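Note: the block below is model_32.pdb and it holds PDB, C-alpha atoms and all ligand atoms.
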ATOM      1  CA  MET D   1    -190.797 -46.323  71.653  1.00  0.00           C
ATOM      2  CA  GLU D   2    -187.352 -44.845  72.256  1.00  0.00           C
ATOM      3  CA  LEU D   3    -185.957 -41.788  70.508  1.00  0.00           C
ATOM      4  CA  TYR D   4    -182.195 -41.350  70.181  1.00  0.00           C
ATOM      5  CA  THR D   5    -182.008 -37.596  70.270  1.00  0.00           C
ATOM      6  CA  TYR D   6    -179.882 -34.542  70.991  1.00  0.00           C
ATOM      7  CA  TYR D   7    -181.688 -31.583  72.469  1.00  0.00           C
ATOM      8  CA  ARG D   8    -180.690 -28.995  69.858  1.00  0.00           C
ATOM      9  CA  SER D   9    -180.528 -31.284  66.818  1.00  0.00           C
ATOM     10  CA  THR D  10    -183.054 -29.916  64.348  1.00  0.00           C
ATOM     11  CA  SER D  11    -183.730 -33.364  62.870  1.00  0.00           C
ATOM     12  CA  SER D  12    -184.448 -34.797  66.328  1.00  0.00           C
ATOM     13  CA  TYR D  13    -186.624 -31.763  67.084  1.00  0.00           C
ATOM     14  CA  ARG D  14    -188.778 -32.576  64.014  1.00  0.00           C
ATOM     15  CA  VAL D  15    -189.446 -36.081  65.268  1.00  0.00           C
ATOM     16  CA  ARG D  16    -190.200 -34.825  68.779  1.00  0.00           C
ATOM     17  CA  ILE D  17    -192.809 -32.438  67.336  1.00  0.00           C
ATOM     18  CA  ALA D  18    -194.396 -35.204  65.230  1.00  0.00           C
ATOM     19  CA  LEU D  19    -194.597 -37.495  68.277  1.00  0.00           C
ATOM     20  CA  ALA D  20    -196.065 -34.754  70.458  1.00  0.00           C
ATOM     21  CA  LEU D  21    -198.647 -33.687  67.849  1.00  0.00           C
ATOM     22  CA  LYS D  22    -199.806 -37.284  67.634  1.00  0.00           C
ATOM     23  CA  GLY D  23    -199.883 -37.622  71.422  1.00  0.00           C
ATOM     24  CA  LEU D  24    -197.276 -40.406  71.366  1.00  0.00           C
ATOM     25  CA  ASP D  25    -194.696 -41.096  74.071  1.00  0.00           C
ATOM     26  CA  ALA D  26    -191.127 -42.060  73.271  1.00  0.00           C
ATOM     27  CA  ARG D  27    -188.460 -42.398  75.942  1.00  0.00           C
ATOM     28  CA  ALA D  28    -185.612 -40.021  75.117  1.00  0.00           C
ATOM     29  CA  VAL D  29    -182.169 -41.630  74.831  1.00  0.00           C
ATOM     30  CA  PRO D  30    -179.753 -38.680  74.674  1.00  0.00           C
ATOM     31  CA  VAL D  31    -176.808 -38.880  72.270  1.00  0.00           C
ATOM     32  CA  ASN D  32    -174.373 -36.067  73.035  1.00  0.00           C
ATOM     33  CA  LEU D  33    -173.043 -34.750  69.715  1.00  0.00           C
ATOM     34  CA  ILE D  34    -170.477 -32.515  71.372  1.00  0.00           C
ATOM     35  CA  ALA D  35    -169.078 -34.840  74.038  1.00  0.00           C
ATOM     36  CA  ALA D  36    -165.371 -34.276  74.709  1.00  0.00           C
ATOM     37  CA  GLU D  37    -164.317 -37.565  73.061  1.00  0.00           C
ATOM     38  CA  GLY D  38    -165.696 -36.404  69.696  1.00  0.00           C
ATOM     39  CA  GLY D  39    -169.369 -37.080  70.219  1.00  0.00           C
ATOM     40  CA  GLU D  40    -171.322 -40.131  71.366  1.00  0.00           C
ATOM     41  CA  HIS D  41    -172.704 -40.474  67.840  1.00  0.00           C
ATOM     42  CA  ARG D  42    -169.203 -41.433  66.651  1.00  0.00           C
ATOM     43  CA  GLN D  43    -168.726 -44.150  69.252  1.00  0.00           C
ATOM     44  CA  ALA D  44    -169.031 -47.854  68.475  1.00  0.00           C
ATOM     45  CA  ALA D  45    -172.126 -48.364  70.622  1.00  0.00           C
ATOM     46  CA  TYR D  46    -174.150 -45.822  68.637  1.00  0.00           C
ATOM     47  CA  LEU D  47    -172.611 -46.710  65.254  1.00  0.00           C
ATOM     48  CA  ALA D  48    -173.791 -50.272  65.839  1.00  0.00           C
ATOM     49  CA  LEU D  49    -177.345 -48.879  65.913  1.00  0.00           C
ATOM     50  CA  ASN D  50    -176.964 -46.272  63.181  1.00  0.00           C
ATOM     51  CA  PRO D  51    -173.951 -46.760  60.905  1.00  0.00           C
ATOM     52  CA  GLN D  52    -174.327 -43.189  59.641  1.00  0.00           C
ATOM     53  CA  GLY D  53    -173.649 -41.872  63.140  1.00  0.00           C
ATOM     54  CA  ARG D  54    -176.346 -39.223  63.167  1.00  0.00           C
ATOM     55  CA  VAL D  55    -179.449 -38.487  65.206  1.00  0.00           C
ATOM     56  CA  PRO D  56    -182.335 -39.059  65.352  1.00  0.00           C
ATOM     57  CA  ALA D  57    -183.037 -42.784  65.451  1.00  0.00           C
ATOM     58  CA  LEU D  58    -186.269 -44.328  66.680  1.00  0.00           C
ATOM     59  CA  ARG D  59    -186.758 -47.738  68.255  1.00  0.00           C
ATOM     60  CA  THR D  60    -190.328 -48.805  67.614  1.00  0.00           C
ATOM     61  CA  ASP D  61    -192.559 -50.553  70.132  1.00  0.00           C
ATOM     62  CA  GLU D  62    -191.757 -53.760  68.221  1.00  0.00           C
ATOM     63  CA  GLY D  63    -188.013 -53.176  68.662  1.00  0.00           C
ATOM     64  CA  GLN D  64    -187.134 -52.105  65.105  1.00  0.00           C
ATOM     65  CA  LEU D  65    -184.494 -49.374  64.758  1.00  0.00           C
ATOM     66  CA  LEU D  66    -185.355 -46.636  62.242  1.00  0.00           C
ATOM     67  CA  ILE D  67    -183.110 -43.804  61.067  1.00  0.00           C
ATOM     68  CA  GLN D  68    -183.533 -40.519  59.112  1.00  0.00           C
ATOM     69  CA  SER D  69    -186.185 -38.079  60.333  1.00  0.00           C
ATOM     70  CA  PRO D  70    -188.238 -38.116  57.075  1.00  0.00           C
ATOM     71  CA  ALA D  71    -188.501 -41.911  57.212  1.00  0.00           C
ATOM     72  CA  ILE D  72    -189.280 -41.867  60.931  1.00  0.00           C
ATOM     73  CA  ILE D  73    -191.975 -39.208  60.503  1.00  0.00           C
ATOM     74  CA  GLU D  74    -193.533 -41.127  57.600  1.00  0.00           C
ATOM     75  CA  TYR D  75    -193.489 -44.277  59.729  1.00  0.00           C
ATOM     76  CA  LEU D  76    -195.279 -42.431  62.550  1.00  0.00           C
ATOM     77  CA  GLU D  77    -197.803 -40.985  60.093  1.00  0.00           C
ATOM     78  CA  GLU D  78    -198.619 -44.407  58.661  1.00  0.00           C
ATOM     79  CA  ARG D  79    -198.466 -46.412  61.892  1.00  0.00           C
ATOM     80  CA  TYR D  80    -200.365 -43.806  63.954  1.00  0.00           C
ATOM     81  CA  PRO D  81    -202.689 -42.055  61.494  1.00  0.00           C
ATOM     82  CA  GLN D  82    -204.641 -40.329  64.257  1.00  0.00           C
ATOM     83  CA  VAL D  83    -203.877 -36.600  64.253  1.00  0.00           C
ATOM     84  CA  PRO D  84    -202.637 -36.723  60.637  1.00  0.00           C
ATOM     85  CA  LEU D  85    -199.732 -34.501  59.647  1.00  0.00           C
ATOM     86  CA  LEU D  86    -200.706 -34.510  55.980  1.00  0.00           C
ATOM     87  CA  ALA D  87    -203.874 -33.040  54.449  1.00  0.00           C
ATOM     88  CA  ARG D  88    -206.348 -35.324  52.695  1.00  0.00           C
ATOM     89  CA  ASP D  89    -206.131 -33.334  49.466  1.00  0.00           C
ATOM     90  CA  LEU D  90    -203.429 -34.772  47.185  1.00  0.00           C
ATOM     91  CA  VAL D  91    -202.152 -31.436  45.913  1.00  0.00           C
ATOM     92  CA  LEU D  92    -201.998 -29.975  49.416  1.00  0.00           C
ATOM     93  CA  ARG D  93    -200.126 -33.080  50.624  1.00  0.00           C
ATOM     94  CA  ALA D  94    -197.587 -32.554  47.843  1.00  0.00           C
ATOM     95  CA  ARG D  95    -197.208 -28.889  48.828  1.00  0.00           C
ATOM     96  CA  GLU D  96    -196.642 -29.833  52.485  1.00  0.00           C
ATOM     97  CA  ARG D  97    -194.058 -32.416  51.414  1.00  0.00           C
ATOM     98  CA  GLY D  98    -192.451 -29.838  49.117  1.00  0.00           C
ATOM     99  CA  VAL D  99    -191.806 -27.415  51.976  1.00  0.00           C
ATOM    100  CA  ALA D 100    -190.586 -30.273  54.182  1.00  0.00           C
ATOM    101  CA  ALA D 101    -188.161 -31.392  51.452  1.00  0.00           C
ATOM    102  CA  LEU D 102    -186.967 -27.842  50.800  1.00  0.00           C
ATOM    103  CA  ILE D 103    -186.020 -27.518  54.458  1.00  0.00           C
ATOM    104  CA  GLY D 104    -184.848 -31.092  55.013  1.00  0.00           C
ATOM    105  CA  CYS D 105    -182.851 -31.468  51.776  1.00  0.00           C
ATOM    106  CA  ASP D 106    -181.889 -27.976  50.654  1.00  0.00           C
ATOM    107  CA  ILE D 107    -181.341 -25.975  53.867  1.00  0.00           C
ATOM    108  CA  HIS D 108    -180.526 -28.172  56.850  1.00  0.00           C
ATOM    109  CA  PRO D 109    -177.825 -30.419  55.288  1.00  0.00           C
ATOM    110  CA  LEU D 110    -175.830 -27.347  54.250  1.00  0.00           C
ATOM    111  CA  HIS D 111    -175.396 -26.176  57.843  1.00  0.00           C
ATOM    112  CA  ASN D 112    -174.999 -29.548  59.506  1.00  0.00           C
ATOM    113  CA  VAL D 113    -171.976 -29.608  61.810  1.00  0.00           C
ATOM    114  CA  SER D 114    -170.033 -32.131  59.719  1.00  0.00           C
ATOM    115  CA  VAL D 115    -170.489 -30.030  56.546  1.00  0.00           C
ATOM    116  CA  LEU D 116    -169.352 -26.863  58.357  1.00  0.00           C
ATOM    117  CA  ASN D 117    -166.318 -28.704  59.679  1.00  0.00           C
ATOM    118  CA  ARG D 118    -165.380 -29.782  56.142  1.00  0.00           C
ATOM    119  CA  LEU D 119    -165.507 -26.135  55.085  1.00  0.00           C
ATOM    120  CA  ARG D 120    -163.167 -25.240  57.954  1.00  0.00           C
ATOM    121  CA  GLN D 121    -160.820 -28.097  57.038  1.00  0.00           C
ATOM    122  CA  ALA D 122    -160.809 -26.788  53.459  1.00  0.00           C
ATOM    123  CA  GLY D 123    -159.432 -23.489  54.762  1.00  0.00           C
ATOM    124  CA  GLN D 124    -162.552 -21.357  55.158  1.00  0.00           C
ATOM    125  CA  ASP D 125    -162.420 -18.986  58.133  1.00  0.00           C
ATOM    126  CA  GLU D 126    -165.325 -18.377  60.536  1.00  0.00           C
ATOM    127  CA  ALA D 127    -166.527 -15.298  58.610  1.00  0.00           C
ATOM    128  CA  ALA D 128    -166.758 -17.347  55.407  1.00  0.00           C
ATOM    129  CA  VAL D 129    -168.564 -20.167  57.225  1.00  0.00           C
ATOM    130  CA  ALA D 130    -171.051 -17.660  58.692  1.00  0.00           C
ATOM    131  CA  GLN D 131    -171.671 -16.211  55.219  1.00  0.00           C
ATOM    132  CA  TRP D 132    -172.236 -19.709  53.861  1.00  0.00           C
ATOM    133  CA  ILE D 133    -174.824 -20.452  56.566  1.00  0.00           C
ATOM    134  CA  ASP D 134    -176.561 -17.109  56.109  1.00  0.00           C
ATOM    135  CA  HIS D 135    -176.801 -17.599  52.352  1.00  0.00           C
ATOM    136  CA  TRP D 136    -178.390 -21.061  52.442  1.00  0.00           C
ATOM    137  CA  VAL D 137    -180.692 -20.388  55.382  1.00  0.00           C
ATOM    138  CA  SER D 138    -181.878 -16.996  54.063  1.00  0.00           C
ATOM    139  CA  THR D 139    -182.494 -18.086  50.475  1.00  0.00           C
ATOM    140  CA  GLY D 140    -184.277 -21.241  51.646  1.00  0.00           C
ATOM    141  CA  LEU D 141    -186.489 -19.414  54.140  1.00  0.00           C
ATOM    142  CA  ALA D 142    -187.287 -16.704  51.576  1.00  0.00           C
ATOM    143  CA  ALA D 143    -188.696 -19.428  49.337  1.00  0.00           C
ATOM    144  CA  VAL D 144    -190.683 -20.997  52.195  1.00  0.00           C
ATOM    145  CA  GLU D 145    -192.153 -17.556  52.961  1.00  0.00           C
ATOM    146  CA  GLN D 146    -193.643 -17.477  49.467  1.00  0.00           C
ATOM    147  CA  LEU D 147    -194.839 -21.064  49.485  1.00  0.00           C
ATOM    148  CA  ILE D 148    -196.913 -21.136  52.664  1.00  0.00           C
ATOM    149  CA  GLY D 149    -200.377 -19.711  53.270  1.00  0.00           C
ATOM    150  CA  GLU D 150    -201.387 -16.276  54.494  1.00  0.00           C
ATOM    151  CA  GLU D 151    -202.975 -17.324  57.775  1.00  0.00           C
ATOM    152  CA  GLY D 152    -202.734 -19.982  60.464  1.00  0.00           C
ATOM    153  CA  TYR D 153    -199.960 -22.550  60.352  1.00  0.00           C
ATOM    154  CA  CYS D 154    -198.072 -23.221  57.100  1.00  0.00           C
ATOM    155  CA  PHE D 155    -201.054 -24.773  55.371  1.00  0.00           C
ATOM    156  CA  GLY D 156    -204.102 -24.188  57.513  1.00  0.00           C
ATOM    157  CA  ALA D 157    -205.587 -23.832  60.957  1.00  0.00           C
ATOM    158  CA  THR D 158    -203.844 -26.885  62.413  1.00  0.00           C
ATOM    159  CA  PRO D 159    -200.144 -27.780  62.341  1.00  0.00           C
ATOM    160  CA  GLY D 160    -198.893 -30.328  59.820  1.00  0.00           C
ATOM    161  CA  LEU D 161    -195.782 -31.727  58.180  1.00  0.00           C
ATOM    162  CA  ALA D 162    -194.468 -28.385  56.897  1.00  0.00           C
ATOM    163  CA  ASP D 163    -194.677 -26.924  60.424  1.00  0.00           C
ATOM    164  CA  VAL D 164    -192.877 -29.981  61.826  1.00  0.00           C
ATOM    165  CA  TYR D 165    -189.918 -29.040  59.590  1.00  0.00           C
ATOM    166  CA  LEU D 166    -190.213 -25.269  59.735  1.00  0.00           C
ATOM    167  CA  ILE D 167    -190.148 -24.666  63.489  1.00  0.00           C
ATOM    168  CA  PRO D 168    -186.813 -26.481  64.076  1.00  0.00           C
ATOM    169  CA  GLN D 169    -185.349 -24.672  61.061  1.00  0.00           C
ATOM    170  CA  LEU D 170    -186.379 -21.324  62.586  1.00  0.00           C
ATOM    171  CA  TYR D 171    -184.733 -22.381  65.847  1.00  0.00           C
ATOM    172  CA  ALA D 172    -181.523 -23.109  63.906  1.00  0.00           C
ATOM    173  CA  ALA D 173    -181.816 -19.770  62.084  1.00  0.00           C
ATOM    174  CA  ALA D 174    -181.989 -17.967  65.434  1.00  0.00           C
ATOM    175  CA  ARG D 175    -178.922 -19.856  66.702  1.00  0.00           C
ATOM    176  CA  PHE D 176    -177.012 -18.765  63.619  1.00  0.00           C
ATOM    177  CA  GLY D 177    -178.218 -15.168  63.940  1.00  0.00           C
ATOM    178  CA  VAL D 178    -180.255 -15.222  60.716  1.00  0.00           C
ATOM    179  CA  GLY D 179    -183.044 -12.656  61.169  1.00  0.00           C
ATOM    180  CA  LEU D 180    -186.693 -13.217  60.254  1.00  0.00           C
ATOM    181  CA  GLN D 181    -187.660  -9.546  59.724  1.00  0.00           C
ATOM    182  CA  ALA D 182    -188.284 -10.136  56.019  1.00  0.00           C
ATOM    183  CA  TYR D 183    -190.548 -13.116  56.624  1.00  0.00           C
ATOM    184  CA  PRO D 184    -193.870 -12.125  58.259  1.00  0.00           C
ATOM    185  CA  ARG D 185    -195.556 -15.429  57.408  1.00  0.00           C
ATOM    186  CA  LEU D 186    -192.765 -17.418  59.045  1.00  0.00           C
ATOM    187  CA  ARG D 187    -192.959 -15.167  62.119  1.00  0.00           C
ATOM    188  CA  ARG D 188    -196.729 -15.738  62.266  1.00  0.00           C
ATOM    189  CA  VAL D 189    -196.275 -19.530  62.242  1.00  0.00           C
ATOM    190  CA  ALA D 190    -193.529 -19.283  64.863  1.00  0.00           C
ATOM    191  CA  ALA D 191    -195.808 -17.228  67.129  1.00  0.00           C
ATOM    192  CA  LEU D 192    -198.597 -19.816  66.852  1.00  0.00           C
ATOM    193  CA  ALA D 193    -196.245 -22.719  67.536  1.00  0.00           C
ATOM    194  CA  ALA D 194    -194.820 -20.937  70.573  1.00  0.00           C
ATOM    195  CA  GLN D 195    -198.268 -21.255  72.194  1.00  0.00           C
ATOM    196  CA  HIS D 196    -198.942 -24.872  71.140  1.00  0.00           C
ATOM    197  CA  PRO D 197    -198.322 -27.564  73.806  1.00  0.00           C
ATOM    198  CA  ALA D 198    -196.790 -30.079  71.352  1.00  0.00           C
ATOM    199  CA  PHE D 199    -194.274 -27.568  70.013  1.00  0.00           C
ATOM    200  CA  ILE D 200    -193.495 -26.390  73.549  1.00  0.00           C
ATOM    201  CA  ALA D 201    -192.885 -29.976  74.752  1.00  0.00           C
ATOM    202  CA  ALA D 202    -190.585 -30.678  71.783  1.00  0.00           C
ATOM    203  CA  HIS D 203    -188.546 -27.478  72.159  1.00  0.00           C
ATOM    204  CA  PRO D 204    -184.775 -27.853  72.807  1.00  0.00           C
ATOM    205  CA  LEU D 205    -185.187 -25.956  76.089  1.00  0.00           C
ATOM    206  CA  HIS D 206    -187.386 -28.716  77.539  1.00  0.00           C
ATOM    207  CA  GLN D 207    -185.464 -31.930  76.879  1.00  0.00           C
ATOM    208  CA  VAL D 208    -183.902 -34.387  79.345  1.00  0.00           C
ATOM    209  CA  ASP D 209    -180.443 -33.534  77.980  1.00  0.00           C
ATOM    210  CA  THR D 210    -180.927 -29.752  77.900  1.00  0.00           C
ATOM    211  CA  PRO D 211    -177.989 -28.321  79.876  1.00  0.00           C
ATOM    212  CA  ALA D 212    -178.935 -26.494  83.062  1.00  0.00           C
ATOM    213  CA  ALA D 213    -178.847 -22.740  82.419  1.00  0.00           C
TER     214      ALA D 213
HETATM  215  N1  LIG H 301    -181.169 -36.297  57.003  1.00  0.00           N
HETATM  216  C1  LIG H 301    -180.950 -36.631  58.380  1.00  0.00           C
HETATM  217  C2  LIG H 301    -180.002 -35.639  58.975  1.00  0.00           C
HETATM  218  C3  LIG H 301    -179.530 -36.098  60.345  1.00  0.00           C
HETATM  219  C4  LIG H 301    -178.472 -35.166  60.869  1.00  0.00           C
HETATM  220  O1  LIG H 301    -177.707 -34.581  60.107  1.00  0.00           O
HETATM  221  N2  LIG H 301    -178.408 -35.034  62.198  1.00  0.00           N
HETATM  222  C5  LIG H 301    -177.434 -34.166  62.788  1.00  0.00           C
HETATM  223  C6  LIG H 301    -178.026 -33.405  63.948  1.00  0.00           C
HETATM  224  S1  LIG H 301    -179.359 -32.370  63.407  1.00  0.00           S
HETATM  225  C7  LIG H 301    -176.274 -35.010  63.285  1.00  0.00           C
HETATM  226  O2  LIG H 301    -176.462 -36.069  63.831  1.00  0.00           O
HETATM  227  N3  LIG H 301    -175.059 -34.483  63.082  1.00  0.00           N
HETATM  228  C8  LIG H 301    -173.894 -35.111  63.549  1.00  0.00           C
HETATM  229  C9  LIG H 301    -172.751 -34.990  62.561  1.00  0.00           C
HETATM  230  O3  LIG H 301    -172.957 -34.448  61.477  1.00  0.00           O
HETATM  231  O4  LIG H 301    -171.676 -35.452  62.897  1.00  0.00           O
HETATM  232  C10 LIG H 301    -182.291 -36.653  59.135  1.00  0.00           C
HETATM  233  O5  LIG H 301    -183.169 -35.890  58.755  1.00  0.00           O
HETATM  234  O6  LIG H 301    -182.436 -37.439  60.084  1.00  0.00           O
END
Output the structure of this file as structure tokens.
Amino acid sequence: MELYTYYRSTSSYRVRIALALKGLDARAVPVNLIAAEGGEHRQAAYLALNPQGRVPALRTDEGQLLIQSPAIIEYLEERYPQVPLLARDLVLRARERGVAALIGCDIHPLHNVSVLNRLRQAGQDEAAVAQWIDHWVSTGLAAVEQLIGEEGYCFGATPGLADVYLIPQLYAAARFGVGLQAYPRLRRVAALAAQHPAFIAAHPLHQVDTPAA
């Protein structure tokens, strides 16, 4: 497999975690979102692969090109069911998917770079943009704090789908300066993931396109 990825893209980070948890290898194909010419994701070569011009995209072992991290993660879950990301219990599966959707649909899209740039084009200054980010990230994470369990990862002793979404969102929160003091459960999950080899391997600091310090 090949993963079109950018080291600090939260959506790419999700897929990297899912691959690593399942013990799967995918060759990283870096797509630089902040290249001087406006980003490699906006160039014809990448748009021919993914007309939406976003990362991640996954090329399967059979050569199919898949886009959108939720679809890619579901594909991995169904194609490689070993080390499942979803619980067997139907209600628990729905809860895991609920937290994933909350993060993937209701937090992350609101601070994606193209959305922030539209705010700037509409006349918002950097203070207003920062307030916007803080509002959506804080209210979303406050809800996640209440939805996840009181010990272990989000929903149990082993990491699953909700953790695959949460850890990259916490990384983004830190980049934006959104504090986690009010969220002890989220901090607990973050501390566990920081010790887990799959989460370490998927971290933005350890990618082929991570800039040298
Ligand atoms: N819903 C998509 C979101 C993909 C997405 O927004 N990716 C960001 C990086 S995290 C991107 O490529 N942004 C480039 C842009 O907005 O121009 C997914 O989960 O894959």
Would you mind listing the residues within 10 Å of ligand LIG 301 (chain H), counting all atoms listed in the file, as a tab-separated table (two decimals) with C-alpha atoms, keeping the file's coordinate frame?
chain	number	residue	atom	x	y	z
D	5	THR	CA	-182.01	-37.60	70.27
D	6	TYR	CA	-179.88	-34.54	70.99
D	7	TYR	CA	-181.69	-31.58	72.47
D	8	ARG	CA	-180.69	-29.00	69.86
D	9	SER	CA	-180.53	-31.28	66.82
D	10	THR	CA	-183.05	-29.92	64.35
D	11	SER	CA	-183.73	-33.36	62.87
D	12	SER	CA	-184.45	-34.80	66.33
D	13	TYR	CA	-186.62	-31.76	67.08
D	14	ARG	CA	-188.78	-32.58	64.01
D	15	VAL	CA	-189.45	-36.08	65.27
D	31	VAL	CA	-176.81	-38.88	72.27
D	32	ASN	CA	-174.37	-36.07	73.04
D	33	LEU	CA	-173.04	-34.75	69.72
D	34	ILE	CA	-170.48	-32.52	71.37
D	38	GLY	CA	-165.70	-36.40	69.70
D	39	GLY	CA	-169.37	-37.08	70.22
D	40	GLU	CA	-171.32	-40.13	71.37
D	41	HIS	CA	-172.70	-40.47	67.84
D	42	ARG	CA	-169.20	-41.43	66.65
D	52	GLN	CA	-174.33	-43.19	59.64
D	53	GLY	CA	-173.65	-41.87	63.14
D	54	ARG	CA	-176.35	-39.22	63.17
D	55	VAL	CA	-179.45	-38.49	65.21
D	56	PRO	CA	-182.34	-39.06	65.35
D	57	ALA	CA	-183.04	-42.78	65.45
D	66	LEU	CA	-185.36	-46.64	62.24
D	67	ILE	CA	-183.11	-43.80	61.07
D	68	GLN	CA	-183.53	-40.52	59.11
D	69	SER	CA	-186.18	-38.08	60.33
D	70	PRO	CA	-188.24	-38.12	57.08
D	71	ALA	CA	-188.50	-41.91	57.21
D	72	ILE	CA	-189.28	-41.87	60.93
D	73	ILE	CA	-191.98	-39.21	60.50
D	101	ALA	CA	-188.16	-31.39	51.45
D	103	ILE	CA	-186.02	-27.52	54.46
D	104	GLY	CA	-184.85	-31.09	55.01
D	105	CYS	CA	-182.85	-31.47	51.78
D	108	HIS	CA	-180.53	-28.17	56.85
D	109	PRO	CA	-177.82	-30.42	55.29
D	110	LEU	CA	-175.83	-27.35	54.25
D	111	HIS	CA	-175.40	-26.18	57.84
D	112	ASN	CA	-175.00	-29.55	59.51
D	113	VAL	CA	-171.98	-29.61	61.81
D	114	SER	CA	-170.03	-32.13	59.72
D	115	VAL	CA	-170.49	-30.03	56.55
D	116	LEU	CA	-169.35	-26.86	58.36
D	117	ASN	CA	-166.32	-28.70	59.68
D	165	TYR	CA	-189.92	-29.04	59.59
D	168	PRO	CA	-186.81	-26.48	64.08
D	172	ALA	CA	-181.52	-23.11	63.91
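All residues that come within 8 Å of the coordinates (-186.8, -14.5, 54.1), counting only C-alpha atoms, are given as Ser138, Thr139, Gly140, Leu141, Ala142, Ala143, Val144, Glu145, Leu180, Gln181, Ala182 and Tyr183 of chain D.
With atom CA of D:Ile167 on one side and atom CA of D:Leu86 on the other, the separation reads 16.3 Å.
Rounded to one decimal, atom CA of D:Tyr4 and atom CA of D:Asp163 lie 21.4 Å from each other.
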#### Entry: Residue IDs satisfying the PyMOL selection byres (((chain D and resi 196) around 12) and not hetatm), as number ranges by chain
D: 17, 20-21, 153, 158-159, 163, 167, 189-195, 197-203
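Counting only C-alpha atoms, the residue from D:Val137, D:Ala122, D:Arg59, D:Asp25 that sits nearest to D:Phe176 is D:Val137.
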Atom pair atom CA of D:Leu49 + atom CA of D:Leu65, distance 7.3 Å
Q: Given the file shown, determine the residues that the PyMOL selection byres (((chain D and resi 154) around 10) and not hetatm) selects; report them as a ChimeraX atom specification.
A: /D:96,99,144-145,147-153,155-164,166,185-186,188-190
Filtering to C-alpha atoms, could you give me those residues as a PDB file, in the coordinates of the input?
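That gives us selection-v3.pdb:
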ATOM      1  CA  GLU D  96    -196.642 -29.833  52.485  1.00  0.00           C
ATOM      2  CA  VAL D  99    -191.806 -27.415  51.976  1.00  0.00           C
ATOM      3  CA  VAL D 144    -190.683 -20.997  52.195  1.00  0.00           C
ATOM      4  CA  GLU D 145    -192.153 -17.556  52.961  1.00  0.00           C
ATOM      5  CA  LEU D 147    -194.839 -21.064  49.485  1.00  0.00           C
ATOM      6  CA  ILE D 148    -196.913 -21.136  52.664  1.00  0.00           C
ATOM      7  CA  GLY D 149    -200.377 -19.711  53.270  1.00  0.00           C
ATOM      8  CA  GLU D 150    -201.387 -16.276  54.494  1.00  0.00           C
ATOM      9  CA  GLU D 151    -202.975 -17.324  57.775  1.00  0.00           C
ATOM     10  CA  GLY D 152    -202.734 -19.982  60.464  1.00  0.00           C
ATOM     11  CA  TYR D 153    -199.960 -22.550  60.352  1.00  0.00           C
ATOM     12  CA  PHE D 155    -201.054 -24.773  55.371  1.00  0.00           C
ATOM     13  CA  GLY D 156    -204.102 -24.188  57.513  1.00  0.00           C
ATOM     14  CA  ALA D 157    -205.587 -23.832  60.957  1.00  0.00           C
ATOM     15  CA  THR D 158    -203.844 -26.885  62.413  1.00  0.00           C
ATOM     16  CA  PRO D 159    -200.144 -27.780  62.341  1.00  0.00           C
ATOM     17  CA  GLY D 160    -198.893 -30.328  59.820  1.00  0.00           C
ATOM     18  CA  LEU D 161    -195.782 -31.727  58.180  1.00  0.00           C
ATOM     19  CA  ALA D 162    -194.468 -28.385  56.897  1.00  0.00           C
ATOM     20  CA  ASP D 163    -194.677 -26.924  60.424  1.00  0.00           C
ATOM     21  CA  VAL D 164    -192.877 -29.981  61.826  1.00  0.00           C
ATOM     22  CA  LEU D 166    -190.213 -25.269  59.735  1.00  0.00           C
ATOM     23  CA  ARG D 185    -195.556 -15.429  57.408  1.00  0.00           C
ATOM     24  CA  LEU D 186    -192.765 -17.418  59.045  1.00  0.00           C
ATOM     25  CA  ARG D 188    -196.729 -15.738  62.266  1.00  0.00           C
ATOM     26  CA  VAL D 189    -196.275 -19.530  62.242  1.00  0.00           C
ATOM     27  CA  ALA D 190    -193.529 -19.283  64.863  1.00  0.00           C
TER      28      ALA D 190
END
Using only C-alpha atoms, the shortest atom-to-atom distance to D:Asp209 among D:Ala28, D:Leu92, D:Ile133, D:Ala35 belongs to D:Ala28
